[in-house]
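Q: Sharing model-v2.txt (compact mmCIF, C-alpha atoms and all ligand atoms) below.
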# COMPACT_ATOMS: atom_id res chain seq x y z
CA MET X 151 6.77 68.04 78.34
CA ASP X 152 3.76 65.73 78.37
CA LEU X 153 5.18 62.28 77.75
CA ALA X 154 3.33 59.25 76.38
CA ILE X 155 6.28 57.01 77.16
CA GLU X 156 9.31 57.30 79.36
CA THR X 157 11.80 54.49 79.93
CA ASN X 158 14.92 54.25 82.00
CA ASN X 159 17.56 51.65 81.21
CA LEU X 160 14.91 49.14 80.11
CA LYS X 161 16.29 45.64 79.57
CA LYS X 162 15.05 42.23 78.56
CA TYR X 163 17.38 39.26 78.55
CA PHE X 164 16.43 35.78 77.40
CA GLY X 165 19.24 33.77 78.95
CA ASP X 166 22.36 34.92 77.15
CA ILE X 167 20.44 36.89 74.53
CA HIS X 168 20.36 40.59 75.33
CA ALA X 169 17.21 41.30 73.31
CA VAL X 170 16.78 44.79 74.77
CA ASP X 171 19.88 46.15 76.39
CA GLY X 172 19.27 49.42 78.19
CA ILE X 173 16.80 51.61 76.31
CA ASP X 174 16.14 55.21 77.44
CA LEU X 175 13.21 56.87 75.75
CA GLN X 176 11.12 59.99 76.10
CA ILE X 177 8.26 60.05 73.63
CA PRO X 178 5.98 63.11 73.66
CA ARG X 179 2.22 62.67 73.37
CA GLY X 180 0.78 63.16 69.92
CA SER X 181 3.89 62.10 68.06
CA LEU X 182 4.45 59.34 65.56
CA PHE X 183 7.58 57.67 66.82
CA GLY X 184 9.47 55.19 64.68
CA VAL X 185 11.61 52.28 65.83
CA LEU X 186 13.83 51.22 62.95
CA GLY X 187 16.14 48.24 63.09
CA PRO X 188 17.14 45.02 61.36
CA HIS X 189 15.78 41.55 62.18
CA GLY X 190 16.41 40.60 65.77
CA ALA X 191 17.25 44.16 66.87
CA GLY X 192 14.78 44.05 69.76
CA LYS X 193 11.85 46.00 68.28
CA THR X 194 9.10 43.52 69.14
CA THR X 195 10.55 42.82 72.58
CA THR X 196 10.55 46.56 73.36
CA LEU X 197 6.94 46.90 72.24
CA ARG X 198 5.88 43.84 74.19
CA MET X 199 7.32 45.30 77.39
CA LEU X 200 5.70 48.69 76.81
CA SER X 201 2.34 47.09 76.09
CA THR X 202 2.70 45.08 79.34
CA ILE X 203 2.70 41.68 77.64
CA LEU X 204 6.26 40.94 78.74
CA HIS X 205 8.01 41.72 82.04
CA PRO X 206 11.33 43.52 81.77
CA THR X 207 14.46 41.95 83.23
CA SER X 208 15.33 45.33 84.72
CA GLY X 209 14.77 49.04 84.30
CA GLU X 210 11.63 51.16 84.45
CA ALA X 211 9.00 52.35 82.04
CA ALA X 212 5.96 54.60 82.32
CA VAL X 213 3.26 54.45 79.67
CA LEU X 214 0.70 57.29 79.70
CA GLY X 215 1.95 58.04 83.20
CA PHE X 216 1.42 54.48 84.50
CA ASP X 217 4.15 52.09 85.61
CA ILE X 218 4.36 49.01 83.36
CA LYS X 219 5.00 46.72 86.31
CA LYS X 220 2.39 48.05 88.75
CA ASP X 221 -0.37 49.47 86.57
CA ALA X 222 -0.62 47.04 83.64
CA ARG X 223 -4.44 47.06 83.77
CA GLU X 224 -4.65 50.83 83.46
CA ILE X 225 -2.26 50.76 80.54
CA LYS X 226 -4.07 47.93 78.73
CA LYS X 227 -7.33 49.92 78.79
CA ARG X 228 -5.78 52.87 77.04
CA ILE X 229 -3.61 51.31 74.36
CA GLY X 230 -4.12 49.48 71.09
CA VAL X 231 -1.69 46.88 69.81
CA CYS X 232 -1.27 45.64 66.28
CA PRO X 233 1.05 42.64 66.69
CA GLN X 234 3.62 41.53 64.16
CA GLU X 235 1.95 38.11 63.83
CA LEU X 236 -1.61 38.19 62.49
CA VAL X 237 -4.25 37.46 65.12
CA LEU X 238 -7.65 36.89 63.55
CA TYR X 239 -10.63 34.59 63.84
CA PRO X 240 -10.69 32.92 60.41
CA ARG X 241 -14.28 31.68 60.71
CA LEU X 242 -15.66 35.13 61.32
CA SER X 243 -16.11 37.90 58.77
CA ALA X 244 -13.93 41.03 58.83
CA ARG X 245 -16.78 42.99 60.36
CA GLU X 246 -17.40 40.33 63.03
CA ASN X 247 -13.70 40.22 63.92
CA ILE X 248 -13.72 43.94 64.62
CA HIS X 249 -17.06 43.83 66.46
CA LEU X 250 -15.71 41.09 68.70
CA ILE X 251 -12.71 43.19 69.72
CA ALA X 252 -14.99 46.17 70.37
CA GLN X 253 -17.15 44.00 72.65
CA MET X 254 -14.07 42.75 74.47
CA HIS X 255 -13.26 46.39 75.22
CA GLY X 256 -16.78 46.80 76.62
CA MET X 257 -17.95 49.20 73.90
CA ALA X 258 -21.69 49.69 73.32
CA LYS X 259 -23.06 48.56 69.96
CA LYS X 260 -24.09 52.09 68.98
CA ASP X 261 -20.47 53.18 69.49
CA TYR X 262 -18.79 50.51 67.41
CA LYS X 263 -21.28 49.62 64.67
CA GLU X 264 -20.91 52.67 62.44
CA ARG X 265 -17.31 53.17 63.37
CA THR X 266 -16.45 49.64 62.21
CA ASP X 267 -17.83 50.27 58.74
CA GLU X 268 -16.21 53.66 58.55
CA LEU X 269 -12.85 52.06 59.37
CA LEU X 270 -13.39 49.22 56.88
CA GLY X 271 -14.11 51.84 54.23
CA LYS X 272 -10.87 53.69 54.95
CA MET X 273 -8.96 50.47 54.37
CA ASN X 274 -10.87 49.68 51.14
CA LEU X 275 -12.37 46.58 52.73
CA LEU X 276 -16.05 47.46 52.89
CA ASP X 277 -17.24 45.43 49.89
CA ARG X 278 -15.72 42.25 51.33
CA ALA X 279 -16.58 42.99 54.97
CA SER X 280 -19.18 40.22 55.28
CA SER X 281 -17.11 37.36 53.91
CA LEU X 282 -15.09 35.02 56.10
CA VAL X 283 -11.56 36.16 56.89
CA LYS X 284 -10.09 32.75 56.03
CA GLY X 285 -10.62 33.54 52.33
CA TYR X 286 -8.78 36.86 52.53
CA SER X 287 -5.36 37.62 51.07
CA GLY X 288 -2.44 38.23 53.45
CA GLY X 289 -2.61 41.96 52.75
CA MET X 290 -6.31 42.14 53.58
CA LYS X 291 -5.77 40.23 56.81
CA ARG X 292 -3.06 42.64 57.85
CA ARG X 293 -5.31 45.62 57.18
CA ILE X 294 -8.02 44.09 59.37
CA ASN X 295 -5.46 43.50 62.09
CA VAL X 296 -4.66 47.22 62.03
CA LEU X 297 -8.35 48.06 62.42
CA MET X 298 -8.74 45.65 65.34
CA ALA X 299 -6.05 47.63 67.16
CA VAL X 300 -7.82 50.98 66.75
CA ILE X 301 -11.56 50.25 67.08
CA HIS X 302 -11.71 51.39 70.73
CA GLU X 303 -10.00 54.73 69.99
CA PRO X 304 -6.90 54.14 72.10
CA GLU X 305 -4.81 57.04 73.36
CA LEU X 306 -1.65 55.23 72.37
CA LEU X 307 -1.07 52.76 69.57
CA PHE X 308 1.65 50.21 69.02
CA PHE X 309 2.07 49.04 65.45
CA ASP X 310 4.60 46.25 65.06
CA GLU X 311 5.64 46.18 61.39
CA PRO X 312 2.15 47.03 60.16
CA THR X 313 3.08 46.87 56.49
CA ALA X 314 5.29 43.77 56.49
CA GLY X 315 4.51 41.70 53.41
CA LEU X 316 2.11 44.24 51.90
CA ASP X 317 2.13 45.15 48.23
CA PRO X 318 3.02 48.80 47.52
CA GLN X 319 -0.60 49.83 46.99
CA SER X 320 -1.91 48.37 50.28
CA ARG X 321 1.11 49.81 51.98
CA ARG X 322 0.06 53.31 50.87
CA VAL X 323 -3.44 52.68 52.20
CA VAL X 324 -2.03 51.70 55.60
CA TRP X 325 0.36 54.66 55.65
CA ASP X 326 -2.47 57.08 54.90
CA PHE X 327 -4.57 55.43 57.56
CA ILE X 328 -1.83 55.74 60.17
CA ARG X 329 -1.21 59.39 59.34
CA ASP X 330 -4.90 60.13 59.53
CA PHE X 331 -5.10 58.43 62.89
CA GLN X 332 -2.27 60.44 64.33
CA GLU X 333 -3.91 63.70 63.33
CA LYS X 334 -6.59 62.91 65.88
CA GLU X 335 -4.05 63.43 68.67
CA SER X 336 -3.15 59.79 69.22
CA THR X 337 0.40 58.81 69.94
CA ILE X 338 1.74 56.10 67.67
CA ILE X 339 4.77 53.90 68.13
CA LEU X 340 5.65 52.06 64.96
CA THR X 341 8.36 49.52 64.38
CA THR X 342 9.72 48.77 60.97
CA HIS X 343 12.77 47.55 59.16
CA SER X 344 11.79 49.62 56.15
CA MET X 345 13.76 52.82 55.92
CA GLU X 346 11.17 54.31 53.54
CA GLU X 347 8.45 53.71 56.07
CA ALA X 348 10.44 55.15 58.98
CA ASP X 349 11.38 58.18 56.87
CA ASP X 350 7.93 58.80 55.50
CA LEU X 351 5.95 58.44 58.71
CA SER X 352 8.06 59.26 61.75
CA ASP X 353 8.20 62.64 63.43
CA GLU X 354 11.14 61.24 65.33
CA LEU X 355 12.78 57.84 65.37
CA ILE X 356 15.35 55.67 67.01
CA ILE X 357 17.55 53.24 65.15
CA ILE X 358 18.20 50.16 67.25
CA ASP X 359 20.65 47.34 66.79
CA HIS X 360 21.43 44.48 69.19
CA GLY X 361 18.99 45.89 71.73
CA LYS X 362 20.60 49.33 71.92
CA ILE X 363 19.70 52.75 70.54
CA ILE X 364 22.42 53.67 68.08
CA SER X 365 20.89 56.90 66.83
CA GLN X 366 17.91 59.16 67.52
CA GLY X 367 16.36 62.21 65.90
CA THR X 368 14.01 63.35 63.16
CA PRO X 369 14.55 61.65 59.79
CA ASP X 370 16.15 64.84 58.45
CA GLU X 371 18.44 65.18 61.46
CA LEU X 372 19.65 61.61 61.07
CA LYS X 373 20.25 61.89 57.34
CA GLY X 374 21.81 65.31 57.90
CA LYS X 375 24.47 63.73 60.11
CA LEU X 376 25.86 62.05 57.01
CA GLY X 377 26.48 65.43 55.41
CA GLU X 378 25.36 66.84 52.11
CA GLY X 379 26.86 64.31 49.74
CA ASP X 380 25.20 61.76 47.49
CA ILE X 381 25.56 58.06 48.16
CA LEU X 382 27.34 55.97 45.54
CA GLU X 383 27.06 52.24 45.84
CA PHE X 384 29.39 49.97 43.86
CA LYS X 385 29.26 46.26 43.36
CA ILE X 386 32.69 44.79 42.78
CA LYS X 387 34.14 41.34 42.19
CA GLU X 388 37.56 41.67 43.78
CA MET X 389 36.55 42.16 47.37
CA GLU X 390 40.05 41.64 48.71
CA GLN X 391 40.86 45.03 47.18
CA ARG X 392 38.04 46.87 48.85
CA ASP X 393 40.01 48.71 51.53
CA GLU X 394 42.48 49.80 48.88
CA ILE X 395 39.64 51.00 46.64
CA ILE X 396 38.11 52.99 49.48
CA GLU X 397 41.48 54.59 50.29
CA LEU X 398 42.00 55.52 46.64
CA ALA X 399 38.52 57.04 46.38
CA LYS X 400 39.11 59.04 49.55
CA THR X 401 42.12 60.76 47.97
CA LEU X 402 39.53 62.75 46.00
CA ASP X 403 38.58 65.81 48.03
CA PHE X 404 34.86 65.46 47.25
CA VAL X 405 34.67 61.91 48.61
CA ARG X 406 33.76 62.32 52.27
CA TRP X 407 33.72 58.73 53.49
CA GLY X 408 33.62 55.16 52.29
CA LYS X 409 32.61 51.82 53.80
CA PRO X 410 32.49 48.19 52.73
CA VAL X 411 28.97 46.75 52.95
CA GLY X 412 28.25 43.03 52.97
CA LYS X 413 30.42 40.83 50.81
CA HIS X 414 30.52 42.61 47.47
CA ARG X 415 29.67 46.25 47.91
CA ILE X 416 31.25 49.56 48.72
CA VAL X 417 29.34 52.67 49.69
CA LEU X 418 30.88 56.11 49.20
CA ASN X 419 29.54 59.48 50.25
CA ALA X 420 30.58 62.09 47.70
CA LEU X 421 29.62 65.73 47.22
CA ASP X 422 27.96 66.12 43.83
CA GLY X 423 28.58 62.39 43.42
CA LEU X 424 26.05 61.95 40.65
CA ARG X 425 28.09 64.03 38.23
CA ARG X 426 31.50 62.92 39.36
CA VAL X 427 31.19 59.14 39.10
CA SER X 428 33.65 59.07 36.20
CA GLU X 429 36.33 60.88 38.21
CA ILE X 430 36.03 58.23 40.90
CA MET X 431 36.26 55.45 38.33
CA ASP X 432 39.44 57.04 36.93
CA VAL X 433 41.07 56.92 40.32
CA VAL X 434 40.05 53.50 41.61
CA LYS X 435 40.66 51.66 38.32
CA VAL X 436 38.65 48.55 39.16
CA LYS X 437 35.90 46.82 37.23
CA MET X 438 32.49 47.66 38.70
CA GLU X 439 29.65 45.22 38.19
CA ASP X 440 26.99 47.68 39.17
CA ILE X 441 26.79 51.32 40.27
CA SER X 442 23.91 53.23 41.82
CA VAL X 443 23.71 56.81 43.02
CA ARG X 444 21.14 58.14 45.43
CA LYS X 445 20.43 60.77 48.04
CA ASN X 446 21.14 59.88 51.68
CA THR X 447 18.60 57.51 53.14
CA LEU X 448 18.06 56.18 56.65
CA GLU X 449 19.58 52.94 55.40
CA ASP X 450 22.81 54.86 54.75
CA VAL X 451 22.68 56.15 58.30
CA PHE X 452 22.49 52.53 59.44
CA ILE X 453 25.32 51.51 57.12
CA ASP X 454 27.44 54.39 58.41
CA LEU X 455 26.87 53.29 62.01
CA THR X 456 27.18 49.52 61.62
CA GLY X 457 28.76 48.66 58.26
CA ARG X 458 25.69 46.53 57.56
CA ARG X 459 22.49 46.92 55.61
CA LEU X 460 19.13 46.87 57.38
CA ARG X 461 18.16 43.70 55.54
CA ASP X 462 21.46 41.81 55.80
N1 LIG C 501 10.69 34.56 73.83
C1 LIG C 501 11.98 34.60 73.44
N2 LIG C 501 12.87 33.67 73.85
C2 LIG C 501 14.16 33.72 73.47
N3 LIG C 501 14.67 34.66 72.65
C3 LIG C 501 13.83 35.59 72.20
C4 LIG C 501 12.44 35.62 72.55
N4 LIG C 501 11.86 36.68 71.94
C5 LIG C 501 12.83 37.28 71.24
N5 LIG C 501 14.01 36.64 71.38
C6 LIG C 501 15.31 37.04 70.79
O1 LIG C 501 15.53 38.39 71.13
C7 LIG C 501 16.11 39.10 70.03
C8 LIG C 501 15.22 40.27 69.66
O2 LIG C 501 14.02 39.76 69.12
P1 LIG C 501 12.83 40.71 68.62
O3 LIG C 501 11.72 39.83 68.21
O4 LIG C 501 12.54 41.72 69.66
O5 LIG C 501 13.49 41.41 67.36
P2 LIG C 501 12.81 42.32 66.24
O6 LIG C 501 13.61 43.57 66.14
O7 LIG C 501 11.37 42.47 66.50
O8 LIG C 501 13.06 41.44 64.92
P3 LIG C 501 12.13 41.26 63.60
O9 LIG C 501 12.43 42.42 62.70
O10 LIG C 501 12.61 39.98 63.00
O11 LIG C 501 10.71 41.20 64.04
C9 LIG C 501 16.30 38.08 68.93
O12 LIG C 501 17.60 37.58 69.01
C10 LIG C 501 15.29 37.01 69.28
O13 LIG C 501 15.68 35.76 68.76
MG MG C 502 9.70 42.01 65.48
Turn the structure described in the file into structure tokens.
Ligand SMILES: Nc1ncnc2c1ncn2[C@@H]1O[C@H](COP(=O)(O)OP(=O)(O)OP(=O)(O)O)[C@@H](O)[C@H]1O
Ligand SMILES: [Mg+2]
A:
Amino acid sequence: MDLAIETNNLKKYFGDIHAVDGIDLQIPRGSLFGVLGPHGAGKTTTLRMLSTILHPTSGEAAVLGFDIKKDAREIKKRIGVCPQELVLYPRLSARENIHLIAQMHGMAKKDYKERTDELLGKMNLLDRASSLVKGYSGGMKRRINVLMAVIHEPELLFFDEPTAGLDPQSRRVVWDFIRDFQEKESTIILTTHSMEEADDLSDELIIIDHGKIISQGTPDELKGKLGEGDILEFKIKEMEQRDEIIELAKTLDFVRWGKPVGKHRIVLNALDGLRRVSEIMDVVKVKMEDISVRKNTLEDVFIDLTGRRLRD
């Protein structure tokens, strides 16, 4: 298999903090690979090592066939990075910001001029392209940051939470843009703590927590591991009773598993749960403050593995 990225027991420690704690990855070329995890899971640290900004504490990694420790220059030429923190020149226009990056990559004007405007158009930014970036909204700045990562047509792209803080409409624009980009045979590594984003975009993903991979597969494979049932989420007041409530619910043969989540919630997986909520209520006999029913999501996969929510 032709791999864009291969890592072997990759680690990064900051003193006592095990930010990345032994990651093994094999990412085929041409795929859109998601890295899903809560705050502090080690997503940015992993990306920073792979994009040769940060030296690993131990372990190996090859990016596009080059060693991250020995061949950083070769890697830097071939990748694009959209960092989590915005990096822009506020006193330049959107167009000038992108031109500047193109020049830094040594591109000829004829190669970047039209392409810049084409990219701005795809992000719905063309009509404002000549005004100074400092007057832009946060969402517009983030969209420009994405374009600055792709202007030189990199073989491999790292997007670190590209839609963080975006409104739903801009988020769609960025998602469409990313999909479109991948169709041109680029490999994309995308981190997110949004389960919708990971589900919608990834061909394959890892879920990481405390610097370790806790699950890997396609979105359907991961959700499939939870079985066929629906997810029922209850909010309750009497949390001291939660284990008892879960045990009572599990006496019903269609309730497959149950877990406490956070301080006031219980999540149950139940076959045909949507229609059988009342049967569960009959058995557990406790006052619910709120009930929601949904299909399995990647968040439920995370809850199943850790007992926590992605945003806790
Ligand atoms: N330069 C650093 N010095 C010390 N600790 C660090 C440094 N960079 C990251 N960490 C710690 O390493 C852990 C992983 O951080 P990282 O930024 O990789 O997480 P993340 O998954 O990207 O989180 P987020 O979703 O908030 O961006 C955290 O505990 C963080 O505080
Ligand atoms: Mg991060």
Q: Around ligand LIG 501 (chain C), out to 9 Å and counting only C-alpha atoms and all ligand atoms, which residues are there? I want them as JSON, numbers by chain.
A: {"X": [162, 163, 164, 165, 166, 167, 168, 169, 170, 185, 186, 187, 188, 189, 190, 191, 192, 193, 194, 195, 196, 197, 198, 234, 310, 311, 341, 342, 343, 358, 359, 360, 361]}
Q: Quick one: of X:Ala314, X:Leu200, X:Leu351, X:Ala258, who's nearest to ligand MG 502 (chain C), counting all atoms listed in the file?
A: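 Among the listed residues, X:Ala314 lies closest to ligand MG 502 (chain C).
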Q: Counting only C-alpha atoms, what is within 10 Å of Gln176 in chain X, bar same-chain residues fewer than 4 positions away, as a VMD selection string?
A: chain X and resid 151 to 158 211 to 212
Q: Using all atoms listed in the file, which of the listed residues (X:Lys400, X:Pro312, X:Lys219, X:Leu424) sits closest to ligand MG 502 (chain C)?
A: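 Under the stated criterion, the closest residue is X:Pro312.
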Q: Could you check how far CA of Met345 in chain X sits from CA of Met199 in chain X, in Å to one decimal?
A: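 A separation of 23.6 Å between them.
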Q: With distances taken over all atoms listed in the file, which residue among X:Leu175, X:Ile386, X:Val324, X:Ile430 lies nearest Thr401 in chain X?
A: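 Among the listed residues, the smallest separation from Thr401 in chain X belongs to X:Ile430.
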Q: What's the separation between CA of Arg278 in chain X and CA of Glu333 in chain X, in Å to one decimal place?
A: 27.3 Å
Q: Rank X:Ile203, X:Leu270, X:Val405, X:Leu282 by their smallest atom-to-atom distance to Gly423 in chain X, using only C-alpha atoms, and report the top residue only.
A: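 Checking each of X:Ile203, X:Leu270, X:Val405, X:Leu282 against Gly423 in chain X, counting only C-alpha atoms, the winner is X:Val405.
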Q: By how many Å are CA of Leu160 in chain X and CA of Ser208 in chain X apart?
A: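 Atom-to-atom, CA of Leu160 in chain X to CA of Ser208 in chain X, that is 6.0 Å.
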Q: Nearest residue to ligand MG 502 (chain C) out of X:Pro233, X:Arg293, X:Glu378, X:Leu355, using only C-alpha atoms and all ligand atoms?
A: X:Pro233
